[in-house]
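Content type compact mmCIF, C-alpha atoms, from the file target29.txt:
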```txt
# COMPACT_ATOMS: atom_id res chain seq x y z
CA MET A 29 43.37 -10.20 6.46
CA ASN A 30 39.82 -11.33 7.18
CA THR A 31 37.32 -10.95 4.38
CA ILE A 32 33.56 -10.68 4.74
CA LYS A 33 33.35 -14.19 3.32
CA SER A 34 35.77 -15.65 5.89
CA LEU A 35 34.01 -13.79 8.74
CA ASP A 36 30.64 -15.11 7.53
CA PHE A 37 32.11 -18.61 7.51
CA GLU A 38 33.47 -18.15 11.04
CA ARG A 39 30.12 -16.90 12.36
CA ILE A 40 28.15 -19.69 10.68
CA THR A 41 30.61 -22.29 12.00
CA ALA A 42 30.34 -20.81 15.51
CA LEU A 43 26.54 -20.80 15.27
CA SER A 44 26.62 -24.40 14.12
CA TYR A 45 28.76 -25.27 17.15
CA ILE A 46 26.46 -23.63 19.72
CA VAL A 47 23.32 -25.02 18.08
CA THR A 48 24.82 -28.53 18.08
CA GLU A 49 26.27 -28.38 21.60
CA LYS A 50 23.26 -26.54 23.08
CA PHE A 51 24.93 -25.78 26.46
CA GLY A 52 28.20 -26.11 28.31
CA TYR A 53 30.88 -24.32 30.24
CA VAL A 54 32.16 -20.96 29.02
CA ARG A 55 35.77 -22.15 29.48
CA ASP A 56 35.11 -24.83 26.81
CA LEU A 57 33.24 -22.42 24.53
CA ILE A 58 36.08 -19.89 24.33
CA VAL A 59 38.39 -22.65 23.10
CA LYS A 60 36.09 -23.26 20.13
CA VAL A 61 34.70 -19.78 19.44
CA ARG A 62 36.55 -16.46 19.34
CA GLN A 63 35.70 -14.11 22.25
CA SER A 64 34.51 -11.32 19.94
CA ILE A 65 32.05 -13.73 18.27
CA ILE A 66 30.83 -14.88 21.71
CA ASP A 67 30.26 -11.20 22.62
CA GLU A 68 28.23 -10.78 19.40
CA PHE A 69 26.18 -13.86 20.26
CA VAL A 70 25.50 -12.55 23.77
CA SER A 71 24.46 -9.11 22.56
CA MET A 72 22.19 -10.72 19.92
CA GLY A 73 20.58 -12.99 22.52
CA PHE A 74 21.90 -16.09 20.72
CA VAL A 75 23.74 -17.26 23.83
CA ILE A 76 22.48 -16.91 27.40
CA MET A 77 25.05 -16.88 30.17
CA GLY A 78 24.54 -18.68 33.46
CA TYR A 79 26.44 -19.99 36.44
CA THR A 80 27.03 -22.97 38.60
CA SER A 81 28.52 -22.30 42.00
CA GLU A 82 31.99 -22.89 40.56
CA ASP A 83 31.89 -21.95 36.91
CA LYS A 84 30.28 -19.87 34.17
CA THR A 85 27.92 -21.67 31.84
CA TRP A 86 26.15 -20.95 28.59
CA ARG A 87 23.20 -22.22 26.61
CA VAL A 88 21.85 -21.58 23.16
CA SER A 89 18.57 -19.66 22.75
CA ASP A 90 15.65 -20.61 20.49
CA PHE A 91 16.31 -17.35 18.64
CA ALA A 92 19.79 -18.64 17.66
CA VAL A 93 18.43 -22.03 16.55
CA ASP A 94 15.79 -20.32 14.37
CA PHE A 95 18.37 -18.00 12.87
CA TYR A 96 20.83 -20.81 12.21
CA ASN A 97 18.14 -22.81 10.43
CA ILE A 98 17.57 -20.00 7.91
CA ILE A 99 21.24 -19.44 7.07
CA LYS A 100 22.79 -22.92 7.20
CA MET B 5 35.33 -3.94 49.52
CA ASP B 6 32.58 -1.61 48.31
CA CYS B 7 31.48 -2.20 44.75
CA TYR B 8 28.94 -0.44 42.57
CA VAL B 9 26.75 -1.60 39.76
CA VAL B 10 24.50 0.46 37.50
CA LEU B 11 21.72 -1.58 35.95
CA TRP B 12 19.68 -0.37 33.01
CA ILE B 13 16.01 -1.37 33.32
CA PRO B 14 14.33 -1.03 29.91
CA THR B 15 11.46 1.41 30.09
CA ILE B 16 9.24 2.94 27.42
CA VAL B 17 8.45 6.14 29.28
CA TYR B 18 10.12 7.91 32.17
CA ASN B 19 9.53 5.73 35.20
CA ASP B 20 10.07 6.02 38.95
CA PHE B 21 10.06 2.20 39.39
CA SER B 22 7.83 2.44 42.47
CA LYS B 23 5.53 -0.37 41.27
CA PRO B 24 7.47 -3.58 40.73
CA LEU B 25 5.88 -6.63 39.05
CA GLU B 26 7.21 -9.04 41.71
CA LYS B 27 8.40 -9.03 45.30
CA SER B 28 10.55 -12.10 45.02
CA LEU B 29 11.79 -14.33 42.23
CA GLU B 30 13.45 -17.74 42.16
CA LYS B 31 15.31 -19.30 39.23
CA ASN B 32 17.87 -21.93 38.34
CA ILE B 33 20.60 -19.97 36.55
CA SER B 34 22.78 -22.96 35.69
CA ASP B 35 22.76 -24.39 32.18
CA ILE B 36 24.33 -27.70 33.17
CA PRO B 37 21.91 -30.53 34.03
CA GLY B 38 22.63 -31.92 37.50
CA LYS B 39 24.59 -28.81 38.56
CA GLU B 40 21.70 -26.50 39.40
CA LEU B 41 22.27 -23.13 40.99
CA VAL B 42 18.96 -21.88 42.30
CA VAL B 43 18.99 -18.18 43.08
CA ARG B 44 16.30 -16.25 44.91
CA LEU B 45 15.94 -12.48 44.86
CA GLU B 46 13.86 -10.59 47.40
CA LEU B 47 12.92 -6.96 46.91
CA SER B 48 12.54 -4.72 49.95
CA GLU B 49 10.23 -1.69 50.28
CA GLU B 50 13.28 0.54 49.83
CA GLY B 51 14.15 -1.09 46.52
CA ASP B 52 17.09 -3.11 47.83
CA PHE B 53 17.66 -6.67 46.66
CA SER B 54 18.76 -9.62 48.77
CA VAL B 55 20.38 -12.32 46.68
CA PHE B 56 20.19 -15.87 48.05
CA SER B 57 21.50 -19.10 46.64
CA LYS B 58 20.20 -22.53 47.50
CA ILE B 59 22.72 -24.67 49.28
CA GLY B 60 21.35 -28.07 50.20
CA GLU B 61 17.78 -27.54 51.29
CA ARG B 62 18.03 -23.94 52.41
CA PHE B 63 18.81 -20.55 50.93
CA GLU B 64 21.88 -18.64 52.07
CA LEU B 65 22.33 -14.92 51.65
CA ILE B 66 25.02 -14.20 49.07
CA VAL B 67 24.88 -10.44 48.71
CA GLU B 68 22.77 -7.38 49.56
CA LEU B 69 22.30 -4.86 46.79
CA LYS B 70 21.55 -1.46 48.27
CA ARG B 71 19.73 0.86 45.95
CA LYS B 72 21.50 4.20 45.97
CA GLN B 73 20.02 6.12 43.10
CA VAL B 74 17.29 5.77 40.49
CA SER B 75 16.99 7.70 37.28
CA SER B 76 13.68 7.85 35.43
CA ASN B 77 15.50 6.95 32.19
CA GLY B 78 15.94 3.38 33.56
CA LEU B 79 19.33 3.52 35.28
CA MET B 80 19.63 2.22 38.86
CA LEU B 81 22.71 2.43 41.03
CA PHE B 82 23.34 -0.28 43.65
CA SER B 83 26.20 -0.75 46.09
CA TYR B 84 27.32 -4.12 47.51
CA ASN B 85 30.20 -5.82 49.17
CA SER B 86 32.46 -7.99 47.07
CA THR B 87 31.67 -11.65 47.68
CA SER B 88 34.58 -13.60 46.35
CA ASP B 89 37.89 -13.24 44.62
CA GLU B 90 37.71 -16.57 42.88
CA GLU B 91 38.37 -16.37 39.18
CA ASN B 92 35.27 -18.23 38.02
CA GLY B 93 31.82 -19.00 39.32
CA PHE B 94 28.98 -17.10 40.86
CA ARG B 95 30.46 -13.94 42.32
CA PHE B 96 29.94 -10.20 42.82
CA THR B 97 33.08 -8.09 42.55
CA SER B 98 34.13 -4.64 41.36
CA THR B 99 34.72 -6.09 37.89
CA GLU B 100 32.01 -8.68 37.67
CA PHE B 101 28.30 -8.88 38.29
CA PRO B 102 26.44 -12.03 37.15
CA THR B 103 24.42 -11.18 34.06
CA ALA B 104 21.86 -13.82 35.09
CA VAL B 105 21.14 -11.82 38.27
CA TYR B 106 20.93 -8.60 36.24
CA HIS B 107 18.43 -10.39 33.98
CA MET B 108 16.38 -11.44 37.05
CA ILE B 109 16.36 -7.90 38.46
CA LYS B 110 15.07 -6.60 35.10
CA SER B 111 12.16 -9.06 35.41
CA PHE B 112 10.96 -7.21 38.54
CA TYR B 113 10.14 -4.15 36.44
CA HIS B 114 10.18 -5.04 32.78
CA VAL B 115 7.87 -7.10 30.57
CA HIS B 116 9.42 -8.47 27.37
CA ASP B 117 7.21 -6.98 24.67
CA PHE B 118 9.41 -7.68 21.68
CA HIS B 119 10.76 -11.16 22.36
CA ASP B 120 10.62 -14.15 24.70
CA SER B 121 12.18 -13.80 28.12
CA ASP B 122 14.72 -16.46 27.13
CA THR B 123 15.87 -14.40 24.16
CA ASP B 124 16.62 -11.32 26.24
CA SER B 125 20.12 -10.21 25.49
CA SER B 126 22.30 -9.98 28.51
CA LEU B 127 23.95 -6.61 28.17
CA PRO B 128 26.95 -6.58 30.45
CA PRO B 129 26.12 -4.52 33.55
CA PHE B 130 28.22 -1.48 34.40
CA VAL B 131 30.36 -2.30 37.46
CA SER B 132 32.84 -0.09 39.25
CA SER B 133 34.84 0.17 42.43
CA GLU B 134 33.84 3.84 42.63
CA THR B 135 30.44 5.35 43.03
CA ILE B 136 28.91 7.23 40.15
CA ASP B 137 26.24 9.88 39.68
CA ILE B 138 23.81 8.43 37.15
CA GLN B 139 22.14 11.80 36.79
CA SER B 140 25.27 13.55 35.65
CA LYS B 141 25.82 14.44 32.02
CA ASP B 142 27.51 11.76 29.95
CA ASN B 143 28.14 9.60 33.01
CA LYS B 144 30.12 6.42 32.46
CA ALA B 145 27.18 4.11 33.09
CA LEU B 146 25.01 5.91 30.52
CA LEU B 147 27.80 5.82 27.94
CA HIS B 148 28.46 2.14 28.74
CA TYR B 149 24.88 1.25 27.84
CA LEU B 150 24.82 3.51 24.77
CA ASN B 151 27.97 1.79 23.56
CA ASN B 152 26.28 -1.60 24.05
CA TYR B 153 23.22 -0.26 22.23
CA ASN B 154 25.53 0.53 19.34
CA ASN B 155 26.82 -3.07 19.51
CA VAL B 156 23.30 -4.53 19.37
CA ILE B 157 22.31 -2.39 16.36
CA SER B 158 25.63 -3.05 14.54
CA ASN B 159 25.37 -6.79 15.22
CA THR B 160 21.76 -6.88 14.04
CA VAL B 161 22.81 -5.21 10.77
CA ARG B 162 25.71 -7.66 10.52
CA TYR B 163 23.50 -10.74 10.99
CA ILE B 164 20.78 -9.47 8.62
CA GLN B 165 23.46 -9.05 5.96
CA LEU B 166 24.87 -12.48 6.82
CA ALA B 167 21.42 -14.03 6.24
CA ILE B 168 21.01 -12.24 2.90
CA ARG B 169 24.57 -13.07 1.76
CA SER B 170 24.37 -16.74 2.74
CA THR B 171 21.11 -17.08 0.83
CA ARG B 172 22.56 -15.38 -2.25
CA ARG B 173 25.73 -17.44 -1.97
CA ASN B 174 23.62 -20.57 -2.23
CA LYS B 175 22.11 -19.00 -5.39
CA GLU B 176 18.59 -19.60 -4.22
CA GLU B 177 15.65 -17.28 -3.94
CA ILE B 178 15.21 -15.79 -0.49
CA ARG B 179 12.87 -18.28 1.18
CA PRO B 180 9.86 -17.20 3.26
CA GLU B 181 11.61 -18.65 6.36
CA THR B 182 14.62 -16.42 5.70
CA ARG B 183 12.41 -13.37 5.33
CA SER B 184 10.60 -14.27 8.54
CA GLY B 185 13.96 -14.75 10.32
CA ILE B 186 15.17 -11.37 9.06
CA GLN B 187 11.97 -9.78 10.29
CA LYS B 188 12.58 -11.28 13.74
CA LEU B 189 16.05 -9.74 13.79
CA CYS B 190 14.53 -6.40 12.81
CA LEU B 191 11.94 -6.66 15.55
CA TYR B 192 14.68 -7.45 18.05
CA ALA B 193 16.58 -4.29 17.11
CA ARG B 194 13.39 -2.22 17.01
CA GLY B 195 12.70 -3.26 20.60
CA TYR B 196 16.07 -1.83 21.54
CA GLU B 197 15.27 1.31 19.61
CA VAL B 198 12.14 1.82 21.71
CA TYR B 199 13.77 1.14 25.08
CA MET B 200 17.17 2.63 24.38
CA GLY B 201 15.50 5.71 22.98
CA VAL B 202 14.81 6.76 26.55
CA LEU B 203 18.56 6.66 27.30
CA TYR B 204 19.67 7.94 23.90
CA HIS B 205 17.37 10.95 24.06
CA SER B 206 17.97 11.49 27.77
CA LYS B 207 19.07 14.96 28.78
CA TYR B 208 22.13 13.30 30.33
CA ASN B 209 23.36 12.24 26.90
CA THR B 210 25.06 15.24 25.36
CA ILE B 211 27.96 13.48 23.73
CA SER B 212 26.50 10.68 21.63
CA ASN B 213 24.87 12.42 18.71
CA THR B 214 25.64 13.00 15.07
CA GLU B 215 26.70 16.61 15.75
CA SER B 216 29.11 15.62 18.50
CA LYS B 217 32.61 17.06 18.49
CA ASP B 218 33.88 13.81 19.94
CA ARG B 219 34.80 11.70 16.91
CA GLU B 220 34.23 8.32 18.56
CA TRP B 221 30.79 9.22 19.93
CA ARG B 222 29.78 10.92 16.69
CA HIS B 223 30.59 7.66 14.91
CA ILE B 224 28.64 5.63 17.46
CA ALA B 225 25.62 7.92 17.05
CA CYS B 226 25.94 7.70 13.28
CA ASN B 227 26.16 3.89 13.46
CA ILE B 228 23.06 3.72 15.65
CA GLU B 229 20.94 6.07 13.55
CA ASN B 230 22.01 4.74 10.16
CA GLY B 231 21.82 1.16 11.42
CA LEU B 232 18.24 1.80 12.50
CA ARG B 233 17.41 3.36 9.10
CA TYR B 234 18.80 0.27 7.39
CA ILE B 235 16.81 -2.03 9.73
CA ARG B 236 13.59 -0.07 9.12
CA THR B 237 14.13 -0.27 5.35
CA ILE B 238 14.80 -4.01 5.46
CA GLU B 239 11.85 -4.50 7.78
CA ARG B 240 9.55 -2.58 5.43
CA GLU B 241 10.84 -4.38 2.34
CA TYR B 242 10.60 -7.84 3.84
CA GLY B 243 7.43 -6.99 5.76
CA GLU B 244 5.72 -5.79 2.58
CA TYR B 245 6.95 -8.86 0.75
CA THR B 246 5.59 -11.08 3.54
CA GLN B 247 2.31 -9.14 3.59
CA GLN B 248 2.11 -9.41 -0.21
CA ARG B 249 2.78 -13.15 0.03
CA PHE B 250 0.09 -13.38 2.70
CA VAL B 251 -2.37 -11.43 0.52
CA ASP B 252 -1.41 -13.57 -2.51
CA LYS B 253 -1.93 -16.71 -0.45
CA VAL B 254 -5.34 -15.50 0.76
CA ILE B 255 -6.36 -14.65 -2.84
CA LYS B 256 -5.04 -18.01 -4.09
CA ASP B 257 -6.89 -19.86 -1.33
CA ALA B 258 -10.06 -17.89 -2.13
CA GLU B 259 -9.70 -18.69 -5.84
CA SER B 260 -9.16 -22.38 -5.19
CA SER B 261 -12.17 -22.35 -2.81
CA LEU B 262 -14.21 -20.66 -5.53
CA LYS B 263 -13.09 -23.25 -8.09
CA SER B 264 -13.95 -26.02 -5.65
CA SER B 265 -17.33 -24.38 -5.03
CA ASN B 266 -18.00 -24.15 -8.79
CA LYS B 267 -17.04 -27.78 -9.20
CA SER B 268 -19.30 -28.66 -6.29
CA ILE B 269 -22.15 -26.69 -7.85
CA LYS B 270 -21.61 -28.49 -11.18
CA ILE B 271 -21.48 -31.83 -9.41
CA SER B 272 -24.62 -30.86 -7.48
CA LYS B 273 -26.41 -29.97 -10.73
CA ILE B 274 -25.35 -33.25 -12.33
CA SER B 275 -26.43 -35.10 -9.20
CA TYR B 276 -29.75 -33.24 -9.33
CA PHE B 277 -30.40 -34.32 -12.92
CA ILE B 278 -29.22 -37.85 -12.21
CA GLY B 279 -31.60 -37.88 -9.25
CA ILE B 280 -34.54 -36.73 -11.37
CA ALA B 281 -33.64 -39.23 -14.12
CA SER B 282 -33.39 -41.98 -11.51
CA LEU B 283 -36.81 -40.98 -10.19
CA VAL B 284 -38.36 -41.07 -13.69
CA ILE B 285 -36.72 -44.41 -14.44
CA GLY B 286 -37.99 -45.68 -11.08
CA ILE B 287 -41.56 -44.59 -11.85
CA VAL B 288 -41.45 -46.05 -15.38
CA SER B 289 -39.95 -49.26 -14.01
CA PHE B 290 -42.73 -49.41 -11.43
CA PHE B 291 -45.50 -49.07 -13.97
CA ALA B 292 -43.77 -51.44 -16.39
CA ALA B 293 -43.45 -53.97 -13.59
CA LEU B 294 -47.08 -53.40 -12.73
CA LYS B 295 -48.09 -53.96 -16.35
CA ILE B 296 -45.97 -57.07 -16.66
CA ALA B 297 -47.44 -58.32 -13.42
CA ARG B 298 -50.96 -57.78 -14.75
CA GLN B 299 -50.13 -59.56 -18.02
CA SER B 300 -48.58 -62.39 -16.08
CA THR B 301 -51.68 -62.60 -13.92
CA ASN B 302 -53.92 -62.84 -17.01
CA GLU B 303 -51.70 -65.46 -18.56
CA LEU B 304 -51.68 -67.39 -15.33
CA ARG B 305 -55.44 -67.14 -15.20
CA ASP B 306 -55.69 -68.60 -18.74
CA VAL B 307 -53.32 -71.39 -17.82
CA ARG B 308 -55.36 -72.06 -14.72
CA ASP B 309 -58.62 -72.24 -16.75
CA ALA B 310 -57.00 -74.55 -19.28
CA LEU B 311 -55.78 -76.75 -16.49
CA LYS B 312 -59.23 -76.77 -14.93
CA GLN B 313 -60.74 -77.93 -18.21
CA GLU B 314 -58.14 -80.59 -18.54
CA ILE B 315 -58.71 -81.67 -14.95
CA GLU B 316 -62.43 -81.97 -15.71
CA ILE B 317 -61.65 -84.15 -18.75
CA ILE B 318 -59.32 -86.39 -16.81
CA PRO B 319 -62.03 -88.48 -14.97
CA ALA B 320 -63.76 -89.39 -18.29
CA SER B 321 -60.44 -90.39 -19.77
CA LEU B 322 -59.74 -92.42 -16.68
CA SER B 323 -63.01 -94.44 -17.05
CA GLU B 324 -62.25 -95.00 -20.73
CA THR B 325 -58.79 -96.14 -19.87
CA GLU B 326 -60.14 -98.49 -17.21
CA SER B 327 -62.62 -100.09 -19.64
CA LYS B 328 -59.81 -100.46 -22.20
CA ILE B 329 -57.66 -102.06 -19.55
CA GLN B 330 -60.50 -104.51 -18.77
CA GLU B 331 -60.95 -105.32 -22.44
CA LEU B 332 -57.25 -105.89 -22.73
CA LYS B 333 -57.34 -108.07 -19.66
CA ALA B 334 -60.23 -110.12 -21.16
CA GLU B 335 -58.27 -110.49 -24.38
CA GLN B 336 -55.28 -111.56 -22.37
CA ASP B 337 -57.44 -114.16 -20.52
CA SER B 338 -58.89 -115.49 -23.78
CA LEU B 339 -55.38 -115.69 -25.17
CA HIS B 340 -54.36 -117.57 -22.08
CA THR B 341 -57.28 -120.02 -22.55
CA ILE B 342 -56.30 -120.53 -26.18
CA ASP B 343 -52.84 -121.13 -25.06
CA ILE B 344 -53.94 -123.83 -22.59
CA ASN B 345 -56.03 -125.61 -25.30
CA THR B 346 -53.12 -125.44 -27.69
CA GLN B 347 -50.84 -127.02 -25.12
CA GLU B 348 -53.32 -129.82 -24.49
CA GLN B 349 -53.61 -130.49 -28.27
CA ILE B 350 -49.81 -130.48 -28.56
CA GLN B 351 -49.58 -132.94 -25.68
CA SER B 352 -52.20 -135.29 -27.27
CA VAL B 353 -50.43 -135.05 -30.64
CA SER B 354 -47.10 -135.80 -28.90
CA LYS B 355 -48.66 -138.81 -27.21
CA LYS B 356 -50.02 -139.98 -30.50
CA VAL B 357 -46.62 -139.58 -32.10
CA ASP B 358 -45.06 -141.54 -29.23
CA ASP B 359 -47.63 -144.33 -29.72
CA LEU B 360 -46.90 -144.41 -33.40
CA PHE B 361 -43.13 -144.66 -32.71
CA TRP B 362 -43.80 -147.51 -30.20
CA MET B 363 -45.97 -149.38 -32.74
CA ILE B 364 -43.33 -148.89 -35.50
CA ARG B 365 -40.60 -150.23 -33.20
CA LYS B 366 -42.75 -153.25 -32.28
CA MET B 367 -43.50 -154.00 -35.83
CA SER B 368 -39.85 -153.84 -36.76
CA GLU B 369 -39.02 -156.34 -34.03
```
For the file at hand, write its structure as structure tokens.
Amino acid sequence: MNTIKSLDFERITALSYIVTEKFGYVRDLIVKVRQSIIDEFVSMGFVIMGYTSEDKTWRVSDFAVDFYNIIK
Amino acid sequence: MDCYVVLWIPTIVYNDFSKPLEKSLEKNISDIPGKELVVRLELSEEGDFSVFSKIGERFELIVELKRKQVSSNGLMLFSYNSTSDEENGFRFTSTEFPTAVYHMIKSFYHVHDFHDSDTDSSLPPFVSSETIDIQSKDNKALLHYLNNYNNVISNTVRYIQLAIRSTRRNKEEIRPETRSGIQKLCLYARGYEVYMGVLYHSKYNTISNTESKDREWRHIACNIENGLRYIRTIEREYGEYTQQRFVDKVIKDAESSLKSSNKSIKISKISYFIGIASLVIGIVSFFAALKIARQSTNELRDVRDALKQEIEIIPASLSETESKIQELKAEQDSLHTIDINTQEQIQSVSKKVDDLFWMIRKMSE
């Protein structure tokens, strides 16, 4: 069973990943970060979704970087 | 295949969307350097959008979005033909509508008052293979966006609590940066409160409220309203703290400025007295120097007079000296004469001695 503490750890780890990686393909992101956390990040404006002609892409927002810097 | 999308355009007041901000917009929606996907949107007089993508040097039409219905609460219904059945990539289907294009369409009507354009959350658009009446009560599109509104508020609460917990876990005082970050989260949610309020309080929403008989929607309404109460409370608490810190800082700065001013005044006073003292010392030194100079002049004058007297005496002394020298010379000459006579006498005596020796030798022979 997930505890608040373990969920916090998962979110902080995921934030650390997106802040470090900065951008990439969504197919690579979902390997590293759980889909429900990605959905949270999108709804919070932490991750912005984009496209190439062949694939979905993502990038981190300044809002996410600022937030990560206060909780890390 | 006919597809439908309902886009929510954030609006503060009921709006007929007859005055767009732009007529066309162009943007690279790829996040991968070197793999750009430049998309151009053109808005027609009827409110339809043509979506182009840049292939090589020219733009090719990807899809036409026909505006079917507009609701003054911000919902817009578009129809379009499915573009591709590929699993990934830039495509418009009955299950997928690129959020980046939704974001661009919003920019035709909406200014981001509460955050940067880049921080705009990309709520998933409502897509369907069937048309929908966006002005019907509790329509699916309206409920889709209210559900996402619930997600934004719940996530904001979640991340505010995460920030507070992580700070407490590190056993440190909540830093000003943390408070500022929490305030930003609050502002983000408050922006949603303003814009979503138009949907939430729309006459078409009869199901999502705290009195609802539908358990799920009653819970969603409760989450939204209580979540917003929590956010307002946190915002007030941290805002007041930040304001208090700001006021404290201003007072502290003012106090330190005052202290500096007092020190400066003291230093100025000391400098003033030192200046006056220096002036007095300068004046005294001047007169002292003047006095010394006068004394020196008098002394020099005396020395000069004494020298003059001595110079006047010198010629007399010189004549005396000369006469003494002449006397001495005469004495020397007389001594010389005596000396010559003495030598002559010695020579005659020597001759006489020699004669005597010669006579003695002769007599002995």
*asked:* With 8 Å as the limit and counting only C-alpha atoms, what residues in chain B lie close to chain A? Please list them as a count of residues only.
replied: 31
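Our summary of the geometry notes that atom CA of Arg236 of chain B is positioned 7.4 Å from atom CA of Cys190 of chain B.
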*Tell me, in Å to one decimal, how far atom CA of Val131 of chain B is from atom CA of Asp6 of chain B.*
11.1 Å
_Gap from atom CA of Ile186 of chain B to atom CA of Tyr163 of chain B - Å, one decimal_ = 8.6 Å
*Enumerate, as number ranges by chain, the protein, DNA and RNA residues whose atoms approach (27.9, 0.4, 28.7) to within 10 Å, taking into account all atoms listed in the file and the coordinate frame of the file.*
B: 10-12, 127-131, 144-155
*For Ser212 of chain B, which of B:Thr99, B:Asn143, B:Ser88, B:Ser184 is the closest residue, counting only C-alpha atoms?*
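Closest to Ser212 of chain B of all the choices is B:Asn143.
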